[in-house]
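S.K.: Below is the file work.cif, which contains mmCIF, N, CA and C atoms.
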data_start
#
loop_
_atom_site.label_atom_id
_atom_site.label_comp_id
_atom_site.auth_asym_id
_atom_site.auth_seq_id
_atom_site.Cartn_x
_atom_site.Cartn_y
_atom_site.Cartn_z
N PHE A 1 24.47 -1.66 1.52
CA PHE A 1 23.12 -1.13 1.74
C PHE A 1 22.35 -1.21 0.43
N PRO A 2 21.30 -2.02 0.35
CA PRO A 2 20.60 -2.23 -0.91
C PRO A 2 19.83 -1.01 -1.42
N PHE A 3 19.67 0.01 -0.58
CA PHE A 3 18.87 1.15 -0.98
C PHE A 3 19.72 2.37 -1.37
N SER A 4 21.00 2.19 -1.59
CA SER A 4 21.88 3.30 -1.99
C SER A 4 21.37 4.06 -3.21
N PRO A 5 20.83 3.35 -4.22
CA PRO A 5 20.33 4.08 -5.39
C PRO A 5 19.21 5.09 -5.08
N LEU A 6 18.59 4.97 -3.91
CA LEU A 6 17.52 5.90 -3.56
C LEU A 6 18.03 7.30 -3.28
N SER A 7 19.34 7.47 -3.18
CA SER A 7 19.89 8.80 -2.91
C SER A 7 19.54 9.77 -4.03
N LYS A 8 19.21 9.26 -5.21
CA LYS A 8 18.84 10.15 -6.32
C LYS A 8 17.55 10.92 -6.05
N PHE A 9 16.78 10.48 -5.05
CA PHE A 9 15.54 11.18 -4.72
C PHE A 9 15.76 12.32 -3.73
N GLY A 10 16.99 12.51 -3.29
CA GLY A 10 17.35 13.67 -2.48
C GLY A 10 17.17 13.50 -0.99
N ASN A 11 17.64 14.51 -0.27
CA ASN A 11 17.60 14.49 1.19
C ASN A 11 16.18 14.54 1.75
N GLY A 12 15.27 15.16 1.02
CA GLY A 12 13.88 15.19 1.47
C GLY A 12 13.33 13.79 1.66
N PHE A 13 13.74 12.89 0.79
CA PHE A 13 13.32 11.50 0.92
C PHE A 13 14.20 10.75 1.92
N LEU A 14 15.50 10.88 1.79
CA LEU A 14 16.42 10.12 2.64
C LEU A 14 16.25 10.43 4.13
N ASN A 15 15.89 11.67 4.45
CA ASN A 15 15.68 12.03 5.85
C ASN A 15 14.47 11.33 6.46
N ARG A 16 13.58 10.85 5.61
CA ARG A 16 12.38 10.16 6.10
C ARG A 16 12.48 8.64 5.99
N LEU A 17 13.50 8.15 5.30
CA LEU A 17 13.68 6.72 5.13
C LEU A 17 14.19 6.10 6.42
N GLU A 18 13.50 5.08 6.88
CA GLU A 18 13.91 4.36 8.08
C GLU A 18 14.08 2.89 7.73
N CYS A 19 15.11 2.28 8.27
CA CYS A 19 15.38 0.86 8.02
C CYS A 19 15.57 0.14 9.34
N ALA A 20 15.22 -1.12 9.35
CA ALA A 20 15.44 -1.98 10.51
C ALA A 20 15.86 -3.35 10.00
N ARG A 21 16.84 -3.94 10.66
CA ARG A 21 17.28 -5.29 10.32
C ARG A 21 16.90 -6.23 11.45
N ILE A 22 16.34 -7.36 11.08
CA ILE A 22 15.91 -8.33 12.08
C ILE A 22 16.64 -9.64 11.81
N PRO A 23 17.39 -10.13 12.80
CA PRO A 23 18.11 -11.40 12.60
C PRO A 23 17.14 -12.58 12.68
N SER A 24 16.66 -13.01 11.51
CA SER A 24 15.70 -14.11 11.46
C SER A 24 16.02 -14.97 10.24
N PRO A 25 16.36 -16.23 10.44
CA PRO A 25 16.68 -17.09 9.30
C PRO A 25 15.54 -17.21 8.28
N ILE A 26 14.30 -17.19 8.76
CA ILE A 26 13.18 -17.34 7.83
C ILE A 26 13.00 -16.10 6.94
N LEU A 27 13.47 -14.95 7.42
CA LEU A 27 13.34 -13.72 6.64
C LEU A 27 14.60 -13.36 5.87
N GLU A 28 15.59 -14.25 5.87
CA GLU A 28 16.82 -13.98 5.14
C GLU A 28 16.51 -13.81 3.66
N GLY A 29 16.96 -12.74 3.08
CA GLY A 29 16.71 -12.47 1.67
C GLY A 29 15.37 -11.80 1.40
N VAL A 30 14.64 -11.43 2.45
CA VAL A 30 13.33 -10.78 2.30
C VAL A 30 13.43 -9.35 2.81
N THR A 31 12.87 -8.43 2.06
CA THR A 31 12.82 -7.03 2.47
C THR A 31 11.38 -6.57 2.42
N PHE A 32 10.90 -6.00 3.50
CA PHE A 32 9.57 -5.40 3.54
C PHE A 32 9.74 -3.89 3.46
N VAL A 33 8.94 -3.25 2.63
CA VAL A 33 8.95 -1.81 2.53
C VAL A 33 7.55 -1.32 2.87
N ASP A 34 7.46 -0.54 3.91
CA ASP A 34 6.18 0.04 4.33
C ASP A 34 6.24 1.51 3.97
N THR A 35 5.52 1.89 2.94
CA THR A 35 5.54 3.29 2.52
C THR A 35 4.65 4.11 3.45
N PRO A 36 4.89 5.40 3.52
CA PRO A 36 3.99 6.22 4.34
C PRO A 36 2.61 6.22 3.72
N GLY A 37 1.64 6.51 4.55
CA GLY A 37 0.28 6.61 4.03
C GLY A 37 0.21 7.66 2.94
N VAL A 38 -0.68 7.46 2.01
CA VAL A 38 -0.81 8.45 0.94
C VAL A 38 -1.61 9.63 1.46
N LEU A 39 -1.30 10.77 0.93
CA LEU A 39 -1.91 12.02 1.39
C LEU A 39 -3.01 12.45 0.44
N SER A 40 -3.84 13.36 0.91
CA SER A 40 -4.89 13.90 0.05
C SER A 40 -4.70 15.40 -0.05
N GLY A 41 -5.31 15.95 -1.09
CA GLY A 41 -5.28 17.40 -1.27
C GLY A 41 -3.88 17.95 -1.55
N GLU A 42 -3.65 19.19 -1.14
CA GLU A 42 -2.39 19.88 -1.41
C GLU A 42 -1.20 19.24 -0.72
N LYS A 43 -1.43 18.56 0.39
CA LYS A 43 -0.32 17.91 1.10
C LYS A 43 0.43 16.95 0.21
N GLN A 44 -0.29 16.30 -0.71
CA GLN A 44 0.34 15.28 -1.52
C GLN A 44 1.39 15.85 -2.46
N ARG A 45 1.27 17.10 -2.83
CA ARG A 45 2.26 17.68 -3.73
C ARG A 45 3.27 18.56 -3.02
N LEU A 46 2.86 19.24 -1.98
CA LEU A 46 3.69 20.28 -1.40
C LEU A 46 4.46 19.85 -0.16
N LYS A 47 3.95 18.95 0.62
CA LYS A 47 4.52 18.67 1.94
C LYS A 47 5.60 17.59 1.96
N ARG A 48 5.68 16.74 0.96
CA ARG A 48 6.62 15.63 1.01
C ARG A 48 8.07 16.07 0.82
N GLY A 49 8.33 16.94 -0.12
CA GLY A 49 9.70 17.35 -0.39
C GLY A 49 10.41 16.41 -1.36
N TYR A 50 9.70 15.46 -1.94
CA TYR A 50 10.24 14.55 -2.94
C TYR A 50 9.08 14.00 -3.77
N ASP A 51 9.40 13.41 -4.90
CA ASP A 51 8.37 12.88 -5.80
C ASP A 51 7.99 11.47 -5.35
N PHE A 52 6.92 11.36 -4.61
CA PHE A 52 6.47 10.10 -4.03
C PHE A 52 6.24 9.04 -5.10
N GLU A 53 5.61 9.42 -6.21
CA GLU A 53 5.30 8.45 -7.24
C GLU A 53 6.56 7.92 -7.92
N GLU A 54 7.59 8.75 -8.05
CA GLU A 54 8.87 8.27 -8.60
C GLU A 54 9.52 7.28 -7.66
N VAL A 55 9.44 7.53 -6.37
CA VAL A 55 9.97 6.60 -5.38
C VAL A 55 9.21 5.28 -5.45
N ILE A 56 7.90 5.35 -5.53
CA ILE A 56 7.08 4.15 -5.65
C ILE A 56 7.47 3.37 -6.91
N HIS A 57 7.66 4.08 -7.99
CA HIS A 57 8.06 3.43 -9.25
C HIS A 57 9.38 2.69 -9.08
N TRP A 58 10.34 3.27 -8.36
CA TRP A 58 11.62 2.62 -8.13
C TRP A 58 11.41 1.31 -7.35
N PHE A 59 10.61 1.38 -6.31
CA PHE A 59 10.36 0.17 -5.51
C PHE A 59 9.62 -0.89 -6.32
N ILE A 60 8.69 -0.49 -7.16
CA ILE A 60 7.96 -1.43 -8.00
C ILE A 60 8.92 -2.19 -8.91
N GLU A 61 9.86 -1.46 -9.50
CA GLU A 61 10.83 -2.10 -10.39
C GLU A 61 11.69 -3.13 -9.66
N HIS A 62 11.90 -2.94 -8.36
CA HIS A 62 12.79 -3.81 -7.60
C HIS A 62 12.05 -4.83 -6.73
N ALA A 63 10.75 -4.85 -6.79
CA ALA A 63 9.96 -5.73 -5.91
C ALA A 63 9.58 -7.02 -6.61
N ALA A 64 9.53 -8.08 -5.83
CA ALA A 64 9.01 -9.36 -6.32
C ALA A 64 7.50 -9.43 -6.10
N MET A 65 7.01 -8.75 -5.04
CA MET A 65 5.58 -8.73 -4.73
C MET A 65 5.22 -7.37 -4.15
N ILE A 66 4.05 -6.91 -4.49
CA ILE A 66 3.53 -5.63 -3.98
C ILE A 66 2.19 -5.92 -3.34
N ILE A 67 2.04 -5.53 -2.09
CA ILE A 67 0.77 -5.74 -1.39
C ILE A 67 0.15 -4.37 -1.13
N LEU A 68 -1.02 -4.15 -1.68
CA LEU A 68 -1.76 -2.92 -1.44
C LEU A 68 -2.72 -3.19 -0.28
N PHE A 69 -2.48 -2.51 0.84
CA PHE A 69 -3.34 -2.68 2.01
C PHE A 69 -4.45 -1.62 1.97
N PHE A 70 -5.66 -2.06 2.22
CA PHE A 70 -6.79 -1.15 2.38
C PHE A 70 -7.39 -1.40 3.75
N ASP A 71 -7.58 -0.36 4.50
CA ASP A 71 -8.20 -0.45 5.81
C ASP A 71 -9.72 -0.55 5.59
N ALA A 72 -10.33 -1.57 6.16
CA ALA A 72 -11.77 -1.79 5.97
C ALA A 72 -12.61 -0.60 6.45
N HIS A 73 -12.04 0.22 7.31
CA HIS A 73 -12.79 1.37 7.86
C HIS A 73 -12.48 2.68 7.15
N LYS A 74 -11.50 2.68 6.23
CA LYS A 74 -11.12 3.91 5.51
C LYS A 74 -10.86 3.55 4.06
N LEU A 75 -11.90 3.40 3.29
CA LEU A 75 -11.75 2.94 1.91
C LEU A 75 -11.45 4.04 0.90
N ASP A 76 -11.49 5.28 1.30
CA ASP A 76 -11.29 6.34 0.33
C ASP A 76 -9.91 6.20 -0.32
N ILE A 77 -9.89 6.35 -1.64
CA ILE A 77 -8.65 6.26 -2.39
C ILE A 77 -8.30 7.68 -2.84
N SER A 78 -7.27 8.25 -2.25
CA SER A 78 -6.89 9.62 -2.57
C SER A 78 -6.33 9.70 -4.00
N ASP A 79 -6.22 10.90 -4.53
CA ASP A 79 -5.67 11.09 -5.87
C ASP A 79 -4.25 10.52 -5.95
N GLU A 80 -3.46 10.75 -4.90
CA GLU A 80 -2.09 10.25 -4.90
C GLU A 80 -2.06 8.72 -4.92
N PHE A 81 -2.92 8.08 -4.14
CA PHE A 81 -2.98 6.63 -4.12
C PHE A 81 -3.45 6.10 -5.47
N LYS A 82 -4.40 6.78 -6.12
CA LYS A 82 -4.85 6.38 -7.45
C LYS A 82 -3.69 6.39 -8.43
N ARG A 83 -2.86 7.43 -8.37
CA ARG A 83 -1.71 7.50 -9.26
C ARG A 83 -0.72 6.37 -8.97
N CYS A 84 -0.54 6.05 -7.71
CA CYS A 84 0.35 4.94 -7.34
C CYS A 84 -0.20 3.61 -7.84
N ILE A 85 -1.49 3.42 -7.71
CA ILE A 85 -2.12 2.18 -8.19
C ILE A 85 -1.98 2.09 -9.71
N THR A 86 -2.10 3.22 -10.39
CA THR A 86 -1.93 3.24 -11.85
C THR A 86 -0.52 2.81 -12.23
N VAL A 87 0.48 3.28 -11.49
CA VAL A 87 1.86 2.87 -11.75
C VAL A 87 2.00 1.38 -11.51
N VAL A 88 1.42 0.88 -10.44
CA VAL A 88 1.50 -0.53 -10.07
C VAL A 88 0.75 -1.41 -11.08
N SER A 89 -0.29 -0.88 -11.69
CA SER A 89 -1.13 -1.70 -12.57
C SER A 89 -0.35 -2.23 -13.77
N GLY A 90 0.78 -1.63 -14.10
CA GLY A 90 1.61 -2.16 -15.17
C GLY A 90 2.32 -3.44 -14.79
N CYS A 91 2.29 -3.79 -13.52
CA CYS A 91 2.96 -5.00 -13.00
C CYS A 91 1.96 -5.85 -12.25
N GLN A 92 0.82 -6.11 -12.84
CA GLN A 92 -0.27 -6.78 -12.12
C GLN A 92 0.08 -8.15 -11.59
N SER A 93 1.04 -8.82 -12.20
CA SER A 93 1.41 -10.14 -11.69
C SER A 93 2.09 -10.06 -10.33
N LYS A 94 2.62 -8.89 -9.98
CA LYS A 94 3.27 -8.69 -8.68
C LYS A 94 2.31 -8.22 -7.59
N VAL A 95 1.13 -7.76 -7.98
CA VAL A 95 0.25 -7.05 -7.06
C VAL A 95 -0.74 -7.98 -6.37
N GLN A 96 -0.82 -7.85 -5.05
CA GLN A 96 -1.83 -8.51 -4.23
C GLN A 96 -2.58 -7.42 -3.49
N ILE A 97 -3.87 -7.57 -3.36
CA ILE A 97 -4.70 -6.56 -2.70
C ILE A 97 -5.27 -7.16 -1.43
N LEU A 98 -5.12 -6.44 -0.34
CA LEU A 98 -5.54 -6.96 0.95
C LEU A 98 -6.46 -5.96 1.65
N LEU A 99 -7.62 -6.43 2.04
CA LEU A 99 -8.56 -5.65 2.84
C LEU A 99 -8.30 -6.01 4.30
N ASN A 100 -7.79 -5.06 5.04
CA ASN A 100 -7.30 -5.30 6.40
C ASN A 100 -8.32 -4.88 7.46
N LYS A 101 -8.16 -5.41 8.65
CA LYS A 101 -8.98 -5.13 9.83
C LYS A 101 -10.43 -5.58 9.64
N ALA A 102 -10.58 -6.70 8.94
CA ALA A 102 -11.91 -7.23 8.66
C ALA A 102 -12.60 -7.77 9.90
N ASP A 103 -11.85 -8.11 10.92
CA ASP A 103 -12.45 -8.67 12.13
C ASP A 103 -13.28 -7.64 12.90
N ARG A 104 -13.14 -6.39 12.57
CA ARG A 104 -13.87 -5.32 13.26
C ARG A 104 -15.26 -5.09 12.67
N MET A 105 -15.68 -5.96 11.74
CA MET A 105 -16.96 -5.75 11.06
C MET A 105 -17.81 -7.02 11.13
N THR A 106 -19.10 -6.81 11.00
CA THR A 106 -20.00 -7.95 10.85
C THR A 106 -19.86 -8.47 9.42
N THR A 107 -20.38 -9.65 9.17
CA THR A 107 -20.32 -10.22 7.83
C THR A 107 -21.01 -9.32 6.82
N GLN A 108 -22.16 -8.79 7.19
CA GLN A 108 -22.90 -7.90 6.28
C GLN A 108 -22.10 -6.64 5.98
N GLN A 109 -21.50 -6.03 7.00
CA GLN A 109 -20.68 -4.84 6.78
C GLN A 109 -19.49 -5.16 5.88
N LEU A 110 -18.87 -6.30 6.14
CA LEU A 110 -17.71 -6.69 5.35
C LEU A 110 -18.07 -6.90 3.88
N MET A 111 -19.21 -7.50 3.61
CA MET A 111 -19.65 -7.69 2.23
C MET A 111 -19.88 -6.35 1.54
N ARG A 112 -20.45 -5.41 2.27
CA ARG A 112 -20.69 -4.07 1.72
C ARG A 112 -19.36 -3.36 1.43
N VAL A 113 -18.43 -3.44 2.37
CA VAL A 113 -17.12 -2.79 2.21
C VAL A 113 -16.35 -3.45 1.07
N HIS A 114 -16.38 -4.77 0.99
CA HIS A 114 -15.69 -5.49 -0.09
C HIS A 114 -16.24 -5.05 -1.44
N GLY A 115 -17.55 -4.96 -1.56
CA GLY A 115 -18.17 -4.51 -2.80
C GLY A 115 -17.76 -3.09 -3.16
N ALA A 116 -17.72 -2.22 -2.17
CA ALA A 116 -17.32 -0.83 -2.42
C ALA A 116 -15.86 -0.76 -2.87
N LEU A 117 -15.01 -1.57 -2.26
CA LEU A 117 -13.60 -1.60 -2.66
C LEU A 117 -13.47 -2.11 -4.09
N MET A 118 -14.19 -3.17 -4.42
CA MET A 118 -14.14 -3.72 -5.78
C MET A 118 -14.58 -2.67 -6.81
N TRP A 119 -15.62 -1.93 -6.49
CA TRP A 119 -16.12 -0.90 -7.39
C TRP A 119 -15.07 0.19 -7.57
N ALA A 120 -14.49 0.66 -6.46
CA ALA A 120 -13.47 1.72 -6.52
C ALA A 120 -12.24 1.25 -7.28
N LEU A 121 -11.79 0.03 -7.02
CA LEU A 121 -10.62 -0.50 -7.72
C LEU A 121 -10.88 -0.68 -9.21
N GLY A 122 -12.09 -1.08 -9.55
CA GLY A 122 -12.44 -1.24 -10.97
C GLY A 122 -12.27 0.05 -11.74
N LYS A 123 -12.60 1.16 -11.10
CA LYS A 123 -12.45 2.47 -11.76
C LYS A 123 -10.98 2.85 -11.88
N VAL A 124 -10.15 2.48 -10.91
CA VAL A 124 -8.74 2.87 -10.92
C VAL A 124 -7.90 1.94 -11.78
N LEU A 125 -8.11 0.63 -11.66
CA LEU A 125 -7.28 -0.33 -12.38
C LEU A 125 -7.58 -0.37 -13.87
N GLY A 126 -8.81 -0.10 -14.24
CA GLY A 126 -9.16 -0.04 -15.66
C GLY A 126 -8.98 -1.36 -16.40
N THR A 127 -9.23 -2.48 -15.72
CA THR A 127 -9.14 -3.78 -16.38
C THR A 127 -10.52 -4.43 -16.37
N PRO A 128 -10.79 -5.26 -17.37
CA PRO A 128 -12.10 -5.93 -17.39
C PRO A 128 -12.21 -7.03 -16.33
N GLU A 129 -11.07 -7.55 -15.89
CA GLU A 129 -11.08 -8.60 -14.88
C GLU A 129 -11.30 -8.00 -13.50
N VAL A 130 -11.97 -8.75 -12.67
CA VAL A 130 -12.19 -8.34 -11.29
C VAL A 130 -10.92 -8.66 -10.50
N ALA A 131 -10.47 -7.73 -9.71
CA ALA A 131 -9.27 -7.95 -8.90
C ALA A 131 -9.58 -8.91 -7.76
N ARG A 132 -8.63 -9.77 -7.44
CA ARG A 132 -8.77 -10.66 -6.28
C ARG A 132 -8.37 -9.86 -5.05
N VAL A 133 -9.23 -9.87 -4.06
CA VAL A 133 -8.97 -9.15 -2.81
C VAL A 133 -8.93 -10.16 -1.67
N TYR A 134 -7.80 -10.20 -0.98
CA TYR A 134 -7.67 -11.05 0.19
C TYR A 134 -8.18 -10.28 1.40
N VAL A 135 -8.83 -10.97 2.30
CA VAL A 135 -9.43 -10.32 3.47
C VAL A 135 -8.79 -10.91 4.72
N GLY A 136 -8.40 -10.04 5.65
CA GLY A 136 -7.79 -10.50 6.88
C GLY A 136 -7.69 -9.39 7.90
N SER A 137 -6.99 -9.68 8.98
CA SER A 137 -6.74 -8.68 10.03
C SER A 137 -5.28 -8.80 10.44
N PHE A 138 -4.49 -7.89 9.93
CA PHE A 138 -3.05 -7.91 10.15
C PHE A 138 -2.65 -6.66 10.91
N TRP A 139 -2.76 -6.75 12.22
CA TRP A 139 -2.33 -5.66 13.09
C TRP A 139 -2.16 -6.21 14.47
N ASP A 140 -1.72 -5.40 15.39
CA ASP A 140 -1.36 -5.89 16.71
C ASP A 140 -2.48 -5.83 17.72
N GLU A 141 -3.71 -5.66 17.29
CA GLU A 141 -4.85 -5.65 18.19
C GLU A 141 -5.43 -7.05 18.32
N PRO A 142 -6.08 -7.37 19.44
CA PRO A 142 -6.73 -8.68 19.58
C PRO A 142 -7.82 -8.87 18.53
N VAL A 143 -7.95 -10.07 18.03
CA VAL A 143 -8.96 -10.38 17.01
C VAL A 143 -10.34 -10.34 17.65
N GLU A 144 -11.28 -9.72 16.95
CA GLU A 144 -12.67 -9.68 17.38
C GLU A 144 -13.46 -10.64 16.51
N SER A 145 -14.45 -11.28 17.08
CA SER A 145 -15.33 -12.13 16.27
C SER A 145 -16.74 -11.59 16.37
N HIS A 146 -17.43 -11.60 15.23
CA HIS A 146 -18.81 -11.09 15.18
C HIS A 146 -19.73 -12.21 14.78
#
What is this file in structure tokens?

M.R.:
Amino acid sequence: FPFSPLSKFGNGFLNRLECARIPSPILEGVTFVDTPGVLSGEKQRLKRGYDFEEVIHWFIEHAAMIILFFDAHKLDISDEFKRCITVVSGCQSKVQILLNKADRMTTQQLMRVHGALMWALGKVLGTPEVARVYVGSFWDEPVESH
């Protein structure tokens, strides 16, 4: 089990960890980790029962690529997510940023949302370079065209 070292984060974390194995030759040697959504307010410190940012740091150290998904309809970056992005920013060569569910917007809305995301990320990442943001729709709903 490749995640045995995660036991150091305690039962609060392990009780929430879920794994699935898929027999697929194309995915051999690939592991996807979908972290829970980040929380806002007091929930982020009190409700988890483990140090989320320490867990994220462990995964960052062991990842070849990190994809930060942003929902085009919910761009708010919580304090917890900001801290996670700050941890990730030390490994910028691994990080890809994806604006998801773009098919649900008109071109004008998408341009506005993209600009807002770039502005918010600029404040969090603290780099002079503009982050590259990939735009797509990666979910199980039918694609909409506008």

S.K.: Could you tell me which residues the PyMOL selection byres (((chain A and resi 71 and name CA) around 9) and name CA) returns for this structure, as a ChimeraX atom specification?

M.R.: /A:69-70,72-75,98-102

S.K.: Care to translate the PyMOL selection byres (((chain A and resi 17 and name CA) around 10) and name CA) into actual residues of this file, as an MDAnalysis selection string?

M.R.: chainID A and resid 3 6 11:16 18:19 35:36

S.K.: Enter the distance from atom N of Thr107 of chain A to atom C of Leu68 of chain A, in Å, rounded to one decimal.

M.R.: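 Distance between the two atoms: 21.0 Å.
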
S.K.: Could you check how far atom C of Ile67 of chain A sits from atom C of Gly90 of chain A, in Å to one decimal?

M.R.: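 For atom C of Ile67 of chain A relative to atom C of Gly90 of chain A, the distance reads 13.9 Å.
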
S.K.: From the set A:Arg104, A:Pro142, A:Thr86, A:Pro25, which residue has the shortest atom-to-atom contact distance to Lys123 of chain A, counting only C-alpha atoms?

M.R.: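 Answer, going by the shortest atom-to-atom distance: A:Thr86.
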
S.K.: Applying 10 Å and only C-alpha atoms, which residues near Ala116 of chain A remain after dropping the ones on its own chain fewer than 5 positions away? List them as a PDB file with N, CA and C atoms, keeping the file's coordinate frame.

M.R.:
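Generated file (out-v8.pdb):
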ATOM      1  N   LEU A  75     -11.900   3.400   3.290  1.00  0.00           N
ATOM      2  CA  LEU A  75     -11.750   2.940   1.910  1.00  0.00           C
ATOM      3  C   LEU A  75     -11.450   4.040   0.900  1.00  0.00           C
ATOM      4  N   ASP A  76     -11.490   5.280   1.300  1.00  0.00           N
ATOM      5  CA  ASP A  76     -11.290   6.340   0.330  1.00  0.00           C
ATOM      6  C   ASP A  76      -9.910   6.200  -0.320  1.00  0.00           C
ATOM      7  N   LEU A 110     -18.870  -6.300   6.140  1.00  0.00           N
ATOM      8  CA  LEU A 110     -17.710  -6.690   5.350  1.00  0.00           C
ATOM      9  C   LEU A 110     -18.070  -6.900   3.880  1.00  0.00           C
ATOM     10  N   MET A 111     -19.210  -7.500   3.610  1.00  0.00           N
ATOM     11  CA  MET A 111     -19.650  -7.690   2.230  1.00  0.00           C
ATOM     12  C   MET A 111     -19.880  -6.350   1.540  1.00  0.00           C
ATOM     13  N   LEU A 121     -11.790   0.030  -7.020  1.00  0.00           N
ATOM     14  CA  LEU A 121     -10.620  -0.500  -7.720  1.00  0.00           C
ATOM     15  C   LEU A 121     -10.880  -0.680  -9.210  1.00  0.00           C
ATOM     16  N   GLY A 122     -12.090  -1.080  -9.550  1.00  0.00           N
ATOM     17  CA  GLY A 122     -12.440  -1.240 -10.970  1.00  0.00           C
ATOM     18  C   GLY A 122     -12.270   0.050 -11.740  1.00  0.00           C
TER      19      GLY A 122
END

S.K.: Based on DSSP run over this structure's backbone, return all residues of segment 63-146 of chain A in strand (DSSP E or B), as number ranges by chain.

M.R.: A: 66-71, 74, 95-100, 133-135

S.K.: Measure the distance from atom CA of Thr127 of chain A to atom C of Phe81 of chain A in Å and round it to one decimal.

M.R.: 15.8 Å

S.K.: I'd like to know which of A:Met65, A:Phe9, A:Asp34, A:Leu117 is closest to Val95 of chain A, using all atoms listed in the file.

M.R.: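 Answer, going by the shortest atom-to-atom distance: A:Met65.
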
S.K.: Do you know which residues the PyMOL selection byres (((chain A and resi 58-62 and name CA) around 9) and name CA) returns on this file, as a ChimeraX atom specification?

M.R.: /A:6,33,53-57,63-66,87-88,91,94

S.K.: At a cut-off of 6 Å around the point (-8.7, -12.2, 12.9) (file coordinates), what residues fall inside when counting only C-alpha atoms? I'd like the answer as a list in words.

M.R.: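 The requested residues, written out, are Asp103, Ser137 and Val143 of chain A.
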
S.K.: Could you dump the residues just selected with N, CA and C atoms as a PDB file, in the coordinates of the input?

M.R.:
ATOM      1  N   ASP A 103     -11.850  -8.110  10.920  1.00  0.00           N
ATOM      2  CA  ASP A 103     -12.450  -8.670  12.130  1.00  0.00           C
ATOM      3  C   ASP A 103     -13.280  -7.640  12.900  1.00  0.00           C
ATOM      4  N   SER A 137      -6.990  -9.680   8.980  1.00  0.00           N
ATOM      5  CA  SER A 137      -6.740  -8.680  10.030  1.00  0.00           C
ATOM      6  C   SER A 137      -5.280  -8.800  10.440  1.00  0.00           C
ATOM      7  N   VAL A 143      -7.950 -10.070  18.030  1.00  0.00           N
ATOM      8  CA  VAL A 143      -8.960 -10.380  17.010  1.00  0.00           C
ATOM      9  C   VAL A 143     -10.340 -10.340  17.650  1.00  0.00           C
TER      10      VAL A 143
END

S.K.: Which of chain A counts as alpha helix (DSSP H) under DSSP, as a VMD selection string please?

M.R.: chain A and resid 11 to 14 43 to 46 52 to 62 79 to 88 107 to 125

S.K.: How big is the axis-aligned box around the listed atoms of segment 90-102 of chain A once 6 Å is added on each side, and where is its centre? Give both in Å to one decimal, as JSON.

M.R.:
{"center_x": -4.7, "center_y": -5.9, "center_z": -2.6, "size_x": 27.9, "size_y": 20.5, "size_z": 37.1}

S.K.: Nearest to Leu125 of chain A among A:Ser89, A:Ser78, A:Gln96, A:Ser4, with distances taken over all atoms listed in the file: which residue is it?

M.R.: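 Looking at the shortest contact to Leu125 of chain A, the residue is A:Ser89.
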
S.K.: Quick one: everything within 12 Å of Ile22 of chain A, counting only C-alpha atoms, minus sequence neighbours fewer than 5 positions away in the same chain. Send it as an MDAnalysis selection string.

M.R.: chainID A and resid 27:32

S.K.: Could you rebuild segment 123-132 of chain A with N, CA, C and O atoms and give me the result as a compact mmCIF listing (two decimals), in the frame of the given file?

M.R.:
# COMPACT_ATOMS: atom_id res chain seq x y z
N LYS A 123 -12.60 1.16 -11.10
CA LYS A 123 -12.45 2.47 -11.76
C LYS A 123 -10.98 2.85 -11.88
O LYS A 123 -10.58 3.49 -12.86
N VAL A 124 -10.15 2.48 -10.91
CA VAL A 124 -8.74 2.87 -10.92
C VAL A 124 -7.90 1.94 -11.78
O VAL A 124 -7.05 2.38 -12.55
N LEU A 125 -8.11 0.63 -11.66
CA LEU A 125 -7.28 -0.33 -12.38
C LEU A 125 -7.58 -0.37 -13.87
O LEU A 125 -6.69 -0.65 -14.67
N GLY A 126 -8.81 -0.10 -14.24
CA GLY A 126 -9.16 -0.04 -15.66
C GLY A 126 -8.98 -1.36 -16.40
O GLY A 126 -8.62 -1.38 -17.56
N THR A 127 -9.23 -2.48 -15.72
CA THR A 127 -9.14 -3.78 -16.38
C THR A 127 -10.52 -4.43 -16.37
O THR A 127 -11.30 -4.20 -15.46
N PRO A 128 -10.79 -5.26 -17.37
CA PRO A 128 -12.10 -5.93 -17.39
C PRO A 128 -12.21 -7.03 -16.33
O PRO A 128 -13.30 -7.37 -15.92
N GLU A 129 -11.07 -7.55 -15.89
CA GLU A 129 -11.08 -8.60 -14.88
C GLU A 129 -11.30 -8.00 -13.50
O GLU A 129 -10.83 -6.92 -13.19
N VAL A 130 -11.97 -8.75 -12.67
CA VAL A 130 -12.19 -8.34 -11.29
C VAL A 130 -10.92 -8.66 -10.50
O VAL A 130 -10.35 -9.75 -10.64
N ALA A 131 -10.47 -7.73 -9.71
CA ALA A 131 -9.27 -7.95 -8.90
C ALA A 131 -9.58 -8.91 -7.76
O ALA A 131 -10.67 -8.87 -7.18
N ARG A 132 -8.63 -9.77 -7.44
CA ARG A 132 -8.77 -10.66 -6.28
C ARG A 132 -8.37 -9.86 -5.05
O ARG A 132 -7.31 -9.26 -5.01
